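Colleague: So I've got this file, upload01.cif, and it contains mmCIF, C-alpha atoms:
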data_query
#
loop_
_atom_site.label_atom_id
_atom_site.label_comp_id
_atom_site.auth_asym_id
_atom_site.auth_seq_id
_atom_site.Cartn_x
_atom_site.Cartn_y
_atom_site.Cartn_z
CA MET A 223 -17.80 8.39 4.37
CA SER A 224 -20.45 8.66 1.69
CA ALA A 225 -19.65 9.40 -1.92
CA SER A 226 -19.49 13.15 -2.55
CA PHE A 227 -21.19 13.23 -5.99
CA GLN A 228 -18.92 16.11 -6.95
CA ARG A 229 -17.21 16.47 -10.30
CA PRO A 230 -14.77 13.59 -10.68
CA LEU A 231 -11.14 14.60 -10.32
CA ARG A 232 -9.11 14.21 -13.49
CA LEU A 233 -6.70 11.28 -13.10
CA GLY A 234 -3.66 10.19 -15.07
CA MET A 235 -1.82 6.88 -14.85
CA VAL A 236 1.80 5.88 -15.37
CA GLY A 237 2.19 2.17 -16.07
CA GLY A 238 -0.71 -0.25 -15.90
CA GLY A 239 -1.07 -0.96 -19.60
CA GLN A 240 -2.73 -3.92 -21.25
CA GLU A 241 -2.55 -7.17 -19.25
CA ALA A 242 -1.14 -5.37 -16.18
CA PHE A 243 -2.98 -6.68 -13.10
CA ILE A 244 -2.37 -3.81 -10.69
CA GLY A 245 -3.20 -1.14 -13.26
CA ALA A 246 -6.67 -2.59 -13.71
CA VAL A 247 -7.12 -2.74 -9.93
CA HIS A 248 -6.28 0.95 -9.58
CA ARG A 249 -8.62 1.93 -12.43
CA ILE A 250 -11.52 0.02 -10.88
CA ALA A 251 -10.79 1.50 -7.47
CA ALA A 252 -10.51 5.04 -8.79
CA ARG A 253 -13.92 4.94 -10.46
CA LEU A 254 -15.84 2.77 -7.98
CA ASP A 255 -17.14 5.74 -5.99
CA GLY A 256 -17.14 8.19 -8.89
CA GLU A 257 -14.30 10.21 -7.37
CA PHE A 258 -11.91 10.09 -10.35
CA GLU A 259 -12.08 9.98 -14.14
CA LEU A 260 -9.10 8.58 -16.04
CA VAL A 261 -8.24 11.04 -18.83
CA ALA A 262 -4.53 10.54 -19.59
CA GLY A 263 -1.71 8.08 -19.27
CA ALA A 264 1.76 6.87 -20.13
CA PHE A 265 0.83 3.21 -19.91
CA SER A 266 3.92 1.49 -21.28
CA SER A 267 7.59 1.95 -22.02
CA THR A 268 6.86 1.94 -25.76
CA ALA A 269 4.77 4.52 -27.62
CA GLU A 270 2.84 1.89 -29.57
CA ARG A 271 1.77 -0.10 -26.51
CA SER A 272 0.90 3.04 -24.56
CA ALA A 273 -1.27 4.27 -27.41
CA ALA A 274 -2.97 0.89 -27.75
CA SER A 275 -3.69 0.74 -24.02
CA GLY A 276 -5.11 4.26 -24.02
CA ALA A 277 -7.29 3.53 -27.05
CA ALA A 278 -8.66 0.43 -25.36
CA LEU A 279 -9.59 2.61 -22.39
CA GLY A 280 -11.33 5.15 -24.62
CA LEU A 281 -8.87 7.99 -24.07
CA MET A 282 -8.07 10.72 -26.58
CA SER A 283 -4.94 9.88 -28.56
CA GLU A 284 -3.23 13.18 -27.70
CA ARG A 285 -3.42 12.27 -24.01
CA CYS A 286 -1.75 8.87 -24.40
CA TYR A 287 1.91 9.64 -23.89
CA ALA A 288 5.04 7.81 -24.91
CA ASP A 289 6.99 9.21 -21.96
CA TRP A 290 5.91 10.06 -18.41
CA ARG A 291 8.18 13.12 -18.28
CA GLU A 292 6.38 14.57 -21.30
CA MET A 293 3.07 13.68 -19.68
CA ALA A 294 3.93 15.59 -16.50
CA ARG A 295 4.96 18.70 -18.46
CA ARG A 296 2.05 18.75 -20.90
CA GLU A 297 -0.66 17.89 -18.40
CA ALA A 298 0.57 20.61 -16.03
CA ASP A 299 0.23 23.13 -18.88
CA ARG A 300 -3.31 22.12 -19.90
CA PRO A 301 -6.28 24.04 -18.43
CA ASP A 302 -8.02 20.67 -18.19
CA GLY A 303 -4.89 18.80 -17.09
CA ILE A 304 -4.87 15.95 -14.62
CA GLU A 305 -5.26 16.75 -10.93
CA ALA A 306 -3.66 13.52 -9.72
CA VAL A 307 -1.59 10.69 -11.12
CA ALA A 308 -1.58 7.00 -10.19
CA ILE A 309 1.84 5.32 -10.39
CA VAL A 310 1.59 1.58 -11.06
CA THR A 311 4.99 0.83 -12.59
CA PRO A 312 7.69 -1.57 -11.41
CA ASN A 313 9.33 -0.32 -8.22
CA HIS A 314 12.40 1.38 -9.69
CA LEU A 315 10.26 4.02 -11.38
CA HIS A 316 8.14 4.99 -8.38
CA ALA A 317 10.47 7.70 -7.05
CA PRO A 318 11.46 9.39 -10.34
CA VAL A 319 7.88 9.43 -11.63
CA ALA A 320 6.51 10.76 -8.33
CA GLN A 321 9.21 13.43 -8.31
CA ALA A 322 8.33 14.62 -11.83
CA PHE A 323 4.63 14.98 -11.10
CA LEU A 324 5.10 16.58 -7.68
CA GLN A 325 7.42 19.13 -9.24
CA ALA A 326 4.70 19.80 -11.82
CA GLY A 327 2.25 20.52 -9.00
CA ILE A 328 0.22 17.33 -9.46
CA ASP A 329 -0.93 15.14 -6.57
CA VAL A 330 0.39 11.58 -6.54
CA ILE A 331 -1.15 8.22 -5.63
CA CYS A 332 1.67 5.68 -5.69
CA ASP A 333 1.61 1.93 -5.42
CA LYS A 334 3.99 0.66 -2.77
CA PRO A 335 6.90 0.79 -2.20
CA LEU A 336 7.38 4.53 -2.13
CA ALA A 337 10.93 4.22 -3.47
CA LEU A 338 13.93 1.90 -3.57
CA SER A 339 15.96 3.57 -0.83
CA VAL A 340 15.60 5.61 2.33
CA ARG A 341 17.38 8.50 0.61
CA GLU A 342 14.84 8.54 -2.22
CA GLY A 343 12.00 8.31 0.28
CA ARG A 344 13.25 11.25 2.30
CA GLU A 345 13.71 13.34 -0.82
CA LEU A 346 10.12 12.62 -1.88
CA ALA A 347 8.80 13.47 1.60
CA ALA A 348 10.61 16.82 1.49
CA LEU A 349 9.38 17.53 -2.04
CA ALA A 350 5.75 16.70 -1.23
CA GLN A 351 5.90 19.02 1.78
CA ALA A 352 7.58 21.81 -0.19
CA ARG A 353 5.04 21.60 -3.03
CA GLN A 354 2.12 21.09 -0.63
CA ARG A 355 0.87 18.13 -2.64
CA LEU A 356 -0.53 14.78 -1.60
CA LEU A 357 1.71 11.74 -1.93
CA ALA A 358 -0.47 8.77 -0.97
CA VAL A 359 0.84 5.20 -0.87
CA THR A 360 -1.68 2.44 -1.56
CA TYR A 361 -1.27 0.14 1.43
CA ASN A 362 -4.73 -1.15 0.69
CA TYR A 363 -5.03 -3.66 3.54
CA SER A 364 -5.26 -0.80 6.01
CA ALA A 365 -8.57 0.26 4.43
CA TYR A 366 -10.70 -2.78 5.22
CA PRO A 367 -13.59 -1.86 7.54
CA ALA A 368 -12.50 -4.57 10.01
CA VAL A 369 -8.97 -3.16 10.10
CA ARG A 370 -10.25 0.36 10.68
CA HIS A 371 -12.40 -0.96 13.53
CA ALA A 372 -9.47 -2.90 14.98
CA ARG A 373 -7.47 0.31 15.11
CA GLU A 374 -10.28 2.03 17.01
CA LEU A 375 -10.47 -0.83 19.53
CA VAL A 376 -6.75 -0.49 20.23
CA ARG A 377 -7.02 3.27 20.55
CA ALA A 378 -9.95 2.90 22.95
CA GLY A 379 -7.87 0.66 25.21
CA VAL A 380 -9.98 -2.46 24.74
CA LEU A 381 -6.82 -4.60 24.57
CA GLY A 382 -5.13 -2.73 27.40
CA GLU A 383 -1.39 -2.22 27.15
CA LEU A 384 -0.10 -3.93 24.01
CA ARG A 385 2.47 -6.63 24.67
CA LEU A 386 2.78 -8.72 21.50
CA VAL A 387 2.37 -7.95 17.79
CA GLN A 388 2.49 -10.93 15.43
CA VAL A 389 2.06 -10.41 11.69
CA GLU A 390 2.65 -12.73 8.76
CA TYR A 391 2.16 -12.56 5.03
CA ALA A 392 2.65 -15.88 3.27
CA GLN A 393 2.32 -16.71 -0.43
CA ASP A 394 3.56 -19.59 -2.59
CA TRP A 395 3.64 -18.11 -6.09
CA LEU A 396 7.45 -17.92 -6.18
CA ALA A 397 8.05 -21.42 -4.81
CA GLU A 398 9.37 -22.29 -8.27
CA PRO A 399 11.91 -20.27 -10.33
CA LEU A 400 9.34 -18.44 -12.44
CA GLU A 401 11.77 -15.61 -13.13
CA GLN A 402 13.97 -18.10 -14.97
CA GLN A 403 10.99 -19.12 -17.11
CA GLY A 404 10.19 -15.64 -18.39
CA GLN A 405 7.16 -14.95 -16.22
CA LYS A 406 6.82 -11.15 -16.37
CA GLN A 407 5.82 -10.41 -12.77
CA ALA A 408 8.44 -12.75 -11.37
CA SER A 409 11.13 -11.41 -13.70
CA TRP A 410 11.03 -7.85 -12.44
CA ARG A 411 10.15 -8.65 -8.83
CA CYS A 412 13.24 -10.85 -8.58
CA ASP A 413 15.55 -8.35 -10.25
CA PRO A 414 17.33 -6.02 -7.78
CA ALA A 415 17.63 -3.29 -10.42
CA LEU A 416 13.83 -3.17 -10.83
CA ALA A 417 12.46 -4.34 -7.47
CA GLY A 418 15.07 -2.89 -5.12
CA PRO A 419 17.35 -4.51 -2.55
CA ALA A 420 14.66 -6.68 -0.90
CA GLY A 421 12.45 -9.39 -2.37
CA ALA A 422 9.63 -10.84 -0.30
CA LEU A 423 10.48 -8.42 2.51
CA GLY A 424 10.08 -5.39 0.28
CA ASP A 425 7.14 -6.73 -1.71
CA ILE A 426 4.83 -8.12 0.97
CA GLY A 427 6.77 -7.67 4.20
CA THR A 428 6.23 -3.92 3.99
CA HIS A 429 2.47 -4.54 3.65
CA ALA A 430 2.60 -6.67 6.80
CA TYR A 431 4.56 -4.08 8.76
CA GLN A 432 2.30 -1.20 7.69
CA LEU A 433 -0.78 -3.18 8.73
CA ALA A 434 0.71 -4.01 12.11
CA SER A 435 1.83 -0.45 12.72
CA PHE A 436 -1.45 1.04 11.47
CA VAL A 437 -3.60 -1.02 13.83
CA SER A 438 -1.30 -1.07 16.85
CA GLY A 439 -0.08 2.50 16.63
CA LEU A 440 3.41 1.19 17.36
CA ARG A 441 6.67 1.71 15.50
CA ALA A 442 9.59 -0.72 15.45
CA ALA A 443 12.63 0.63 17.27
CA SER A 444 14.97 -2.25 16.43
CA VAL A 445 14.96 -5.44 14.39
CA CYS A 446 16.75 -8.78 14.27
CA ALA A 447 16.42 -10.25 10.78
CA GLU A 448 17.21 -13.37 8.78
CA LEU A 449 16.53 -13.29 5.04
CA SER A 450 16.64 -16.40 2.86
CA SER A 451 16.61 -17.22 -0.84
CA PHE A 452 15.43 -20.80 -1.03
CA VAL A 453 15.06 -21.06 -4.80
CA PRO A 454 18.50 -21.71 -6.37
CA GLY A 455 19.81 -18.79 -8.37
CA ARG A 456 17.35 -16.27 -6.95
CA ARG A 457 19.02 -12.90 -6.33
CA LEU A 458 16.58 -11.52 -3.77
CA ASP A 459 15.08 -12.97 -0.60
CA ASP A 460 11.98 -15.10 -0.93
CA ASN A 461 11.55 -15.58 2.82
CA ALA A 462 12.08 -13.09 5.67
CA GLN A 463 11.88 -13.66 9.42
CA LEU A 464 12.08 -10.61 11.67
CA LEU A 465 11.99 -10.15 15.43
CA LEU A 466 10.81 -6.69 16.41
CA ARG A 467 11.20 -4.50 19.46
CA PHE A 468 8.69 -1.68 19.48
CA ALA A 469 9.05 1.72 21.06
CA GLY A 470 7.29 1.49 24.40
CA GLY A 471 8.32 -2.09 25.20
CA ALA A 472 6.04 -4.31 23.12
CA ARG A 473 7.63 -7.23 21.25
CA GLY A 474 6.73 -8.70 17.90
CA ALA A 475 7.56 -10.88 14.95
CA LEU A 476 7.08 -10.50 11.20
CA TRP A 477 7.23 -13.37 8.71
CA ALA A 478 7.00 -12.73 4.98
CA SER A 479 7.34 -15.57 2.50
CA GLN A 480 6.65 -16.18 -1.17
CA VAL A 481 7.72 -19.82 -1.04
CA ALA A 482 5.20 -21.06 1.56
CA SER A 483 3.61 -23.85 -0.48
CA GLY A 484 -0.16 -23.95 -0.07
CA CYS A 485 -0.50 -20.30 0.97
CA GLU A 486 -2.34 -17.99 -1.40
CA ASN A 487 -2.52 -14.51 0.17
CA ALA A 488 -2.29 -15.33 3.86
CA LEU A 489 -1.91 -11.96 5.55
CA ARG A 490 -2.69 -12.33 9.24
CA LEU A 491 -2.36 -9.94 12.18
CA ARG A 492 -2.60 -10.84 15.87
CA LEU A 493 -2.33 -8.37 18.73
CA TYR A 494 -2.19 -9.28 22.42
CA GLY A 495 -2.52 -6.84 25.29
CA SER A 496 -3.04 -6.89 29.04
CA LYS A 497 -6.85 -6.98 28.61
CA GLY A 498 -7.37 -9.09 25.48
CA GLY A 499 -6.38 -10.23 22.02
CA LEU A 500 -7.41 -9.32 18.50
CA GLU A 501 -7.02 -11.19 15.21
CA PHE A 502 -7.52 -10.22 11.55
CA ASP A 503 -7.13 -12.61 8.61
CA GLN A 504 -7.10 -10.97 5.16
CA GLU A 505 -8.54 -14.09 3.55
CA GLN A 506 -11.59 -13.62 5.82
CA PRO A 507 -11.73 -9.82 5.55
CA ASN A 508 -15.28 -9.36 6.78
CA GLN A 509 -14.48 -10.75 10.22
CA LEU A 510 -12.52 -9.59 13.24
CA ARG A 511 -11.90 -11.88 16.23
CA LEU A 512 -11.82 -10.22 19.65
CA THR A 513 -11.12 -12.11 22.87
CA ARG A 514 -11.30 -10.20 26.12
CA GLN A 515 -9.09 -11.63 28.85
CA GLY A 516 -10.96 -14.52 30.49
CA GLY A 517 -13.90 -14.29 28.07
CA ALA A 518 -15.18 -16.07 25.00
CA THR A 519 -14.03 -15.12 21.52
CA GLU A 520 -16.34 -12.67 19.74
CA ILE A 521 -16.57 -12.72 15.94
CA LEU A 522 -17.28 -9.17 14.81
CA THR A 523 -18.64 -8.90 11.27
CA ARG A 524 -18.30 -6.12 8.73
CA GLY A 525 -21.51 -4.16 8.37
CA ARG A 526 -22.16 -4.41 12.11
CA LEU A 527 -18.92 -2.91 13.39
CA ASP A 528 -19.91 -0.06 15.65
CA SER A 529 -17.32 2.62 14.97
CA ALA A 530 -17.28 5.69 12.76
CA ALA A 531 -14.05 4.50 11.13
CA ALA A 532 -15.58 1.18 10.09
CA ARG A 533 -18.81 2.77 8.87
CA ALA A 534 -16.86 5.25 6.74
CA ALA A 535 -15.16 2.35 4.94
CA THR A 536 -18.32 0.24 4.50
CA ARG A 537 -20.38 0.29 1.32
CA LEU A 538 -22.72 -2.71 1.53
CA PRO A 539 -25.25 -3.99 4.09
CA PRO A 540 -24.34 -6.84 6.45
CA GLY A 541 -23.91 -10.22 4.76
CA HIS A 542 -22.70 -8.78 1.45
CA PRO A 543 -18.94 -9.40 1.30
CA GLU A 544 -16.52 -6.56 0.71
CA GLY A 545 -12.82 -6.98 0.18
CA TYR A 546 -9.75 -6.18 -1.86
CA LEU A 547 -11.19 -3.87 -4.54
CA GLU A 548 -13.33 -1.93 -2.08
CA ALA A 549 -10.32 -1.39 0.17
CA PHE A 550 -8.38 0.06 -2.76
CA ALA A 551 -11.40 2.22 -3.59
CA GLN A 552 -11.48 3.50 -0.02
CA LEU A 553 -7.96 4.84 -0.42
CA TYR A 554 -8.94 6.59 -3.65
CA ARG A 555 -12.00 8.06 -1.94
CA GLU A 556 -9.83 9.37 0.87
CA ALA A 557 -7.22 10.71 -1.54
CA ALA A 558 -9.96 12.60 -3.37
CA GLU A 559 -11.11 14.12 -0.09
CA HIS A 560 -7.57 15.31 0.70
CA ILE A 561 -7.17 16.84 -2.76
CA ARG A 562 -10.55 18.58 -2.67
CA ALA A 563 -9.92 19.86 0.84
CA ARG A 564 -6.72 21.55 -0.27
CA GLN A 565 -8.38 22.96 -3.38
CA GLN A 566 -11.18 24.37 -1.22
CA GLY A 567 -8.92 25.69 1.54
CA ARG A 568 -10.26 23.48 4.33
CA ALA A 569 -9.12 20.59 6.48
CA PRO A 570 -9.79 17.03 5.23
CA ALA A 571 -12.74 15.23 6.80
CA ALA A 572 -11.79 13.24 9.89
CA GLU A 573 -12.84 9.94 8.33
CA SER A 574 -10.24 10.35 5.57
CA LEU A 575 -7.26 10.66 7.93
CA GLY A 576 -6.46 6.94 7.79
CA LEU A 577 -5.07 7.39 4.27
CA PRO A 578 -1.47 6.10 4.12
CA GLN A 579 0.84 8.83 2.91
CA VAL A 580 4.49 9.51 2.27
CA ALA A 581 5.46 9.11 5.94
CA ASP A 582 3.99 5.60 5.97
CA GLY A 583 5.92 4.71 2.83
CA LEU A 584 9.11 6.03 4.39
CA GLU A 585 8.54 3.94 7.53
CA GLY A 586 8.46 0.82 5.37
CA LEU A 587 11.74 1.78 3.71
CA LEU A 588 13.35 2.38 7.09
CA LEU A 589 12.31 -1.07 8.31
CA VAL A 590 13.65 -2.75 5.16
CA ASP A 591 16.92 -0.86 5.47
CA ALA A 592 17.37 -1.92 9.11
CA ALA A 593 16.45 -5.54 8.34
CA LEU A 594 18.97 -5.71 5.51
CA ARG A 595 21.69 -4.27 7.74
CA SER A 596 20.79 -6.74 10.50
CA HIS A 597 20.88 -9.71 8.13
CA ARG A 598 24.21 -8.71 6.58
CA ALA A 599 25.72 -8.40 10.06
CA GLY A 600 24.65 -11.93 10.96
CA GLY A 601 21.23 -11.23 12.42
CA ILE A 602 22.22 -8.82 15.17
CA TRP A 603 19.75 -6.40 16.73
CA THR A 604 19.79 -3.23 14.60
CA ARG A 605 18.21 0.14 15.26
CA VAL A 606 15.47 1.29 12.88
CA GLU A 607 16.22 4.88 11.93
CA THR A 608 13.57 7.54 12.44
CA THR A 609 12.03 9.63 9.69
#
With the file now loaded, output its structure as structure tokens.

Modeller:
Amino acid sequence: MSASFQRPLRLGMVGGGQEAFIGAVHRIAARLDGEFELVAGAFSSTAERSAASGAALGLMSERCYADWREMARREADRPDGIEAVAIVTPNHLHAPVAQAFLQAGIDVICDKPLALSVREGRELAALAQARQRLLAVTYNYSAYPAVRHARELVRAGVLGELRLVQVEYAQDWLAEPLEQQGQKQASWRCDPALAGPAGALGDIGTHAYQLASFVSGLRAASVCAELSSFVPGRRLDDNAQLLLRFAGGARGALWASQVASGCENALRLRLYGSKGGLEFDQEQPNQLRLTRQGGATEILTRGRLDSAAARAATRLPPGHPEGYLEAFAQLYREAAEHIRARQQGRAPAAESLGLPQVADGLEGLLLVDAALRSHRAGGIWTRVETT
């Protein structure tokens, strides 16, 4: 999907102030294809820090807000008000901030998770539908060209009937008690009041599940889960092991860990069907490994993936690596297409339909809820509720 070269959509941001990693990622992604222009924000919980962050970004002082509620009201009243808002706060604010902006008639692009609970997620889904506004969730790993191509291979039946879905997301950054040492990211991610009821499972396990579901087209029907907190004193899980039964009969497993020493950002998906197997490794994002039953393994490279879905997510010629930031930018490009389509009274372009939205965010919450119930009951098989 080529850049539109239309007027950039006016974007606001809640959270993501100075020294915030994910805020900078979203700002780069939003402007990479010229689809959005950041014009307003409530960047911090204090007025002084929000103003300083906005000034550093070159924004007008009157559009740097001390409170996101005020921002939603005032921007909705401006003739040049924001058309979308990016939410990049700690998890506990995702739902209330999204609710305020949806009620103000402003489209929302929210970092995952969608909310802290299934109830909040369902309320947001109903509100987005009632207000006819976009609520996108930035599951960025689903936007790699290789992942988009993998999805097309599955849909085309290249793997045959899917039998096994194996996904893992392993990191080591919480192998030590950083939250007890005042490290900011660790402090809120390990606090149930700010992060929600799940630790590694909610933080990266939901990424793994969304990737597996996105590519396979399958949804977990039941789960058997064991959650562990290996670091003494840690209040949330830092390791999650899930067995999955998918609707339709396929079986799977999900492992999410933030105490896997030596692992950096090891997100890996493997699918096995009656006709072949497929493998994607996020740390090698420009490659996809396909093995047809009885044949040699093919290494498919980004830039030469022959599908419309992969081409729409590709920016550079073969041999020029693309990765994390471009995948985020792809989601912003697709969000812009959805917003413009509604403004113009038309259907979104087909190549933008891979954008994760509120239903995808709710699916992640439903899996976490079922896994927590399974673990608390001693690891019994537990049904995953439907949306």

Colleague: From the list A:Asp255, A:Asp528, A:Asp329, A:Glu501, which residue is nearest Val389 in chain A when using only C-alpha atoms?

Modeller: A:Glu501

Colleague: Closest to Arg511 in chain A among A:Leu527, A:Ile331, A:Met282, A:Ala482, using all atoms listed in the file?

Modeller: A:Leu527

Colleague: What do you get, as an MDAnalysis selection string, if you spell out every residue that the PyMOL selection byres ((chain A and resi 588) around 9) selects here?

Modeller: chainID A and resid 339:340 583:587 589:593 606:609

Colleague: If you keep C-alpha atoms, can you produce a file of those selected residues as an mmCIF file, in the frame of the given file?

Modeller:
data_model
loop_
_atom_site.group_PDB
_atom_site.id
_atom_site.type_symbol
_atom_site.label_atom_id
_atom_site.label_comp_id
_atom_site.auth_asym_id
_atom_site.auth_seq_id
_atom_site.Cartn_x
_atom_site.Cartn_y
_atom_site.Cartn_z
ATOM 1 C CA SER A 339 15.960 3.570 -0.830
ATOM 2 C CA VAL A 340 15.600 5.610 2.330
ATOM 3 C CA GLY A 583 5.920 4.710 2.830
ATOM 4 C CA LEU A 584 9.110 6.030 4.390
ATOM 5 C CA GLU A 585 8.540 3.940 7.530
ATOM 6 C CA GLY A 586 8.460 0.820 5.370
ATOM 7 C CA LEU A 587 11.740 1.780 3.710
ATOM 8 C CA LEU A 589 12.310 -1.070 8.310
ATOM 9 C CA VAL A 590 13.650 -2.750 5.160
ATOM 10 C CA ASP A 591 16.920 -0.860 5.470
ATOM 11 C CA ALA A 592 17.370 -1.920 9.110
ATOM 12 C CA ALA A 593 16.450 -5.540 8.340
ATOM 13 C CA VAL A 606 15.470 1.290 12.880
ATOM 14 C CA GLU A 607 16.220 4.880 11.930
ATOM 15 C CA THR A 608 13.570 7.540 12.440
ATOM 16 C CA THR A 609 12.030 9.630 9.690
#

Colleague: Write out as CSV a residue-level contact list of range 392-445 of chain A versus range 483-496 of chain A with cut-off 10 Å: for each qualifying residue the closest pair of atoms and the distance in Å to one decimal, counting only C-alpha atoms, rows sorted by chain and residue number upward.

Modeller:
residue,atom,partner,partner_atom,distance
A:Ala392,CA,A:Ala488,CA,5.0
A:Gln393,CA,A:Cys485,CA,4.8
A:Asp394,CA,A:Ser483,CA,4.8
A:Trp395,CA,A:Glu486,CA,7.6
A:Leu396,CA,A:Ser483,CA,9.1
A:Ala397,CA,A:Ser483,CA,6.7
A:Glu398,CA,A:Ser483,CA,9.8
A:Ile426,CA,A:Leu489,CA,9.0
A:Gly427,CA,A:Leu489,CA,9.8
A:His429,CA,A:Leu489,CA,8.8
A:Ala430,CA,A:Leu489,CA,7.1
A:Tyr431,CA,A:Leu491,CA,9.7
A:Leu433,CA,A:Leu491,CA,7.8
A:Ala434,CA,A:Leu491,CA,6.7
A:Val437,CA,A:Leu493,CA,8.9
A:Ser438,CA,A:Leu493,CA,7.6

Colleague: For Ala252 in chain A, which residue among A:Leu349, A:Ala264, A:Ala599, A:Leu547 is the nearest when counting only C-alpha atoms?

Modeller: A:Leu547

Colleague: Once the PyMOL selection byres ((chain A and resi 326) around 12) has been applied to the shown file, what residues remain in the selection, as a PyMOL selection string?

Modeller: chain A and resi 290-300+303-307+319-325+327-330+349-350+353-355

Colleague: Measuring atom to atom with all atoms listed in the file, identify which of A:Cys412, A:Gly474, A:Thr428, A:Gly256 is nearest to Leu386 in chain A.

Modeller: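 Answer, going by the shortest atom-to-atom distance: A:Gly474.
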
Colleague: Any idea what's packed within 10 Å of Ile602 in chain A, counting all atoms listed in the file, ignoring anything in its chain fewer than 2 positions away? Could you give it as a PyMOL selection string?

Modeller: chain A and resi 444-448+593+595-600+604-605

Colleague: Quick one: residues within 10 Å of Pro312 in chain A, all atoms listed in the file, excluding same-chain residues fewer than 4 positions away - as a list in words?

Modeller: Gly237, Gly238, His316, Asp333, Lys334, Pro335, Gln407, Trp410, Arg411, Leu416, Ala417 and Gly418 of chain A

Colleague: Choose the residue, out of A:Gln566, A:Ser479, A:Gly439, A:Leu423, that has the smallest atom-to-atom separation from Ala378 in chain A; count all atoms listed in the file.

Modeller: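 Using all atoms listed in the file, Ala378 in chain A sits closest to A:Gly439.
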
Colleague: Given the point (-5.2, -3.5, 3.7) in the file's coordinates, find the residues that have an atom at most 9 Å from it, counting only C-alpha atoms, and give them as a list in words.

Modeller: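 Nearby residues: Thr360, Tyr361, Asn362, Tyr363, Ser364, Ala365, Tyr366, Val369, His429, Ala430, Gln432, Leu433, Gln504, Tyr546, Ala549 and Phe550 of chain A.
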
Colleague: Could you tell me how far CA of Asp460 in chain A sits from CA of Ala442 in chain A, in Å to one decimal place?

Modeller: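 Value for the CA of Ala442 in chain A-CA of Asp460 in chain A distance: 21.9 Å.
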
Colleague: Using only C-alpha atoms, which of A:Glu383, A:Glu257, A:Glu520, A:Glu345 sits nearest Ala551 in chain A?

Modeller: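 Smallest distance to Ala551 in chain A is found for A:Glu257.
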
Colleague: Starting from the shown file, work through the PyMOL selection byres ((chain A and resi 472) around 9) and note down what comes out as a VMD selection string.

Modeller: chain A and resid 383 to 387 440 466 to 471 473 to 474

Colleague: Output range 246-257 of chain A as a PDB file, in the coordinates of the input, making sure N, CA and C atoms are there.

Modeller:
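Contents of part-v4.pdb, as written:
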ATOM      1  N   ALA A 246      -5.227  -2.399 -13.657  1.00  0.00           N
ATOM      2  CA  ALA A 246      -6.670  -2.590 -13.710  1.00  0.00           C
ATOM      3  C   ALA A 246      -7.297  -2.417 -12.333  1.00  0.00           C
ATOM      4  N   VAL A 247      -6.614  -2.908 -11.295  1.00  0.00           N
ATOM      5  CA  VAL A 247      -7.120  -2.740  -9.930  1.00  0.00           C
ATOM      6  C   VAL A 247      -7.252  -1.268  -9.587  1.00  0.00           C
ATOM      7  N   HIS A 248      -6.234  -0.485  -9.885  1.00  0.00           N
ATOM      8  CA  HIS A 248      -6.280   0.950  -9.580  1.00  0.00           C
ATOM      9  C   HIS A 248      -7.379   1.644 -10.375  1.00  0.00           C
ATOM     10  N   ARG A 249      -7.570   1.271 -11.629  1.00  0.00           N
ATOM     11  CA  ARG A 249      -8.620   1.930 -12.430  1.00  0.00           C
ATOM     12  C   ARG A 249     -10.004   1.616 -11.870  1.00  0.00           C
ATOM     13  N   ILE A 250     -10.229   0.377 -11.487  1.00  0.00           N
ATOM     14  CA  ILE A 250     -11.520   0.020 -10.880  1.00  0.00           C
ATOM     15  C   ILE A 250     -11.723   0.788  -9.593  1.00  0.00           C
ATOM     16  N   ALA A 251     -10.691   0.817  -8.760  1.00  0.00           N
ATOM     17  CA  ALA A 251     -10.790   1.500  -7.470  1.00  0.00           C
ATOM     18  C   ALA A 251     -11.051   2.985  -7.639  1.00  0.00           C
ATOM     19  N   ALA A 252     -10.388   3.594  -8.606  1.00  0.00           N
ATOM     20  CA  ALA A 252     -10.510   5.040  -8.790  1.00  0.00           C
ATOM     21  C   ALA A 252     -11.915   5.442  -9.217  1.00  0.00           C
ATOM     22  N   ARG A 253     -12.602   4.571  -9.954  1.00  0.00           N
ATOM     23  CA  ARG A 253     -13.920   4.940 -10.460  1.00  0.00           C
ATOM     24  C   ARG A 253     -15.076   4.340  -9.661  1.00  0.00           C
ATOM     25  N   LEU A 254     -14.774   3.478  -8.689  1.00  0.00           N
ATOM     26  CA  LEU A 254     -15.840   2.770  -7.980  1.00  0.00           C
ATOM     27  C   LEU A 254     -16.811   3.718  -7.295  1.00  0.00           C
ATOM     28  N   ASP A 255     -16.284   4.776  -6.689  1.00  0.00           N
ATOM     29  CA  ASP A 255     -17.140   5.740  -5.990  1.00  0.00           C
ATOM     30  C   ASP A 255     -17.351   7.019  -6.790  1.00  0.00           C
ATOM     31  N   GLY A 256     -16.936   7.023  -8.053  1.00  0.00           N
ATOM     32  CA  GLY A 256     -17.140   8.190  -8.890  1.00  0.00           C
ATOM     33  C   GLY A 256     -16.256   9.372  -8.532  1.00  0.00           C
ATOM     34  N   GLU A 257     -15.155   9.121  -7.823  1.00  0.00           N
ATOM     35  CA  GLU A 257     -14.300  10.210  -7.370  1.00  0.00           C
ATOM     36  C   GLU A 257     -13.295  10.661  -8.423  1.00  0.00           C
TER      37      GLU A 257
END
